[in-house]
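The block underneath contains the structure these notes are about, expressed in C-alpha cells.
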Amino acid sequence: MDKITLKEWAALLPYDVMCVFQHPDGQKEYAWLKPSNLQTIMNNEYKPLVRPLSDLAKEITHHGETFHPVEHYANCFGANDDVLYENTSEETGELQSNCQSLPQYVFEWLVSLHFDVFGLIGRGLALPVEEGSNG
C-alpha cells in the first residue's frame, strides 16, 4: 500500500495543514499537523486536507484572505515571472508539469496554500479541502 513519505509530510509541516482520520465506524478525527504529533499522524494514517491543483483557477480563502491563486501569483512574484502561467492549463487551471520540477519558490508557495503538489489526492492518500475548513 502506498503511504505518504516522510519527505512529503515534512514539506507540509510548516503550513498548518489539517488532517483527518476516518475510524472504521465512520467517525472522523481531525488534527492539525504539528511537529509534536507528526509521528502519531503518520502511524495512524491520517490524511491531509489539501487543495486540488485545479483550484489554482478558482477563488479560494486562505487565512481569511479571498483571492484567485493564479492572479495572486503575479502580486507575490512579479508580473514578469511566468513560471506558473507557462505550466498552467487555461482550460482546467491544472499544472501541466510535475510540480516537483518547478522552481523551489513556486513549489513552496503552492505548498503554503495547501495545494496538492505531490498528487496525494490521486493516490488516495489525501482528501480535497472543503472551502473554509483549512485555511
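Quick note on naming: the chains in the C-alpha cells go A, B, ... in the order shown, residues restart at 1 in each chain, and ligands are numbered from 1 in order of appearance.
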Can you list, as an MDAnalysis selection string, every residue of range 51-116 of chain A that DSSP puts in alpha helix (DSSP H)? chainID A and resid 69:77 83:86 104:112
Could the residues of range 1-25 of chain A that have an atom at most 7 Å from range 109-131 of chain A be listed as a tab-separated table, each with its closest atom pair and the distance in Å to one decimal, counting only C-alpha atoms and ordered by chain and ascending residue number?
```
residue	atom	partner	partner_atom	distance
A:Lys3	CA	A:Leu125	CA	6.9
A:Ile4	CA	A:Leu125	CA	6.7
A:Leu12	CA	A:Val111	CA	6.6
A:Tyr15	CA	A:Ser112	CA	5.5
A:Val17	CA	A:His114	CA	7.0
```
Pick from A:Trp32, A:Pro103, A:Asp25, A:Asn43 nearest to Thr5 in chain A, counting only C-alpha atoms: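 Looking only at the distances to Thr5 in chain A, the closest residue turns out to be A:Asn43.
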From chain A, collect each residue whose DSSP state is strand (DSSP E) and return the set as a ChimeraX atom specification. /A:18-22,28-32,47-50,60-62,65-67,127-128
Using only C-alpha atoms, which residues sit within 8 Å of Lys34 in chain A once same-chain residues fewer than 6 positions away are excluded, as a PyMOL selection string? chain A and resi 13-14+16
Please identify all polymer residues within 10 Å of Gln22 in chain A, counting only C-alpha atoms, omitting same-chain residues fewer than 5 positions from it, and present them as a PyMOL selection string. chain A and resi 27-30+44-47
Okay, now the selection with N, CA and C atoms, as a compact mmCIF listing (two decimals), in the first residue's frame?
```txt
# COMPACT_ATOMS: atom_id res chain seq x y z
N GLN A 27 -16.70 7.55 12.06
CA GLN A 27 -16.39 8.80 12.75
C GLN A 27 -15.07 9.36 12.23
N LYS A 28 -15.00 10.68 12.20
CA LYS A 28 -13.77 11.34 11.75
C LYS A 28 -13.11 12.04 12.92
N GLU A 29 -11.80 11.95 12.94
CA GLU A 29 -10.98 12.61 13.96
C GLU A 29 -10.05 13.58 13.24
N TYR A 30 -10.07 14.85 13.62
CA TYR A 30 -9.27 15.87 12.97
C TYR A 30 -8.09 16.27 13.85
N ASN A 44 -0.95 6.52 12.29
CA ASN A 44 -2.38 6.24 12.25
C ASN A 44 -3.01 6.54 10.89
N GLU A 45 -2.16 6.81 9.91
CA GLU A 45 -2.61 7.01 8.53
C GLU A 45 -3.69 8.09 8.39
N TYR A 46 -3.44 9.21 9.06
CA TYR A 46 -4.29 10.38 8.83
C TYR A 46 -4.09 10.83 7.39
N LYS A 47 -5.07 11.52 6.85
CA LYS A 47 -4.96 12.07 5.50
C LYS A 47 -4.99 13.60 5.60
```
Counting only C-alpha atoms, the option among A:Asn75, A:Gln39, A:Thr66, A:Asn87 closest to Leu53 in chain A: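 Comparing A:Asn75, A:Gln39, A:Thr66, A:Asn87 against Leu53 in chain A, the winner is A:Asn87.
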Taking 6 positions as the minimum chain separation for residues in the same chain, which residues sit within 9 Å of Leu95 in chain A when counting only C-alpha atoms? Answer as a PyMOL selection string. chain A and resi 53-54+56+84-89
Separating CA of Leu6 in chain A from CA of Gln100 in chain A, to the nearest tenth of an Å, is a gap of 15.5 Å
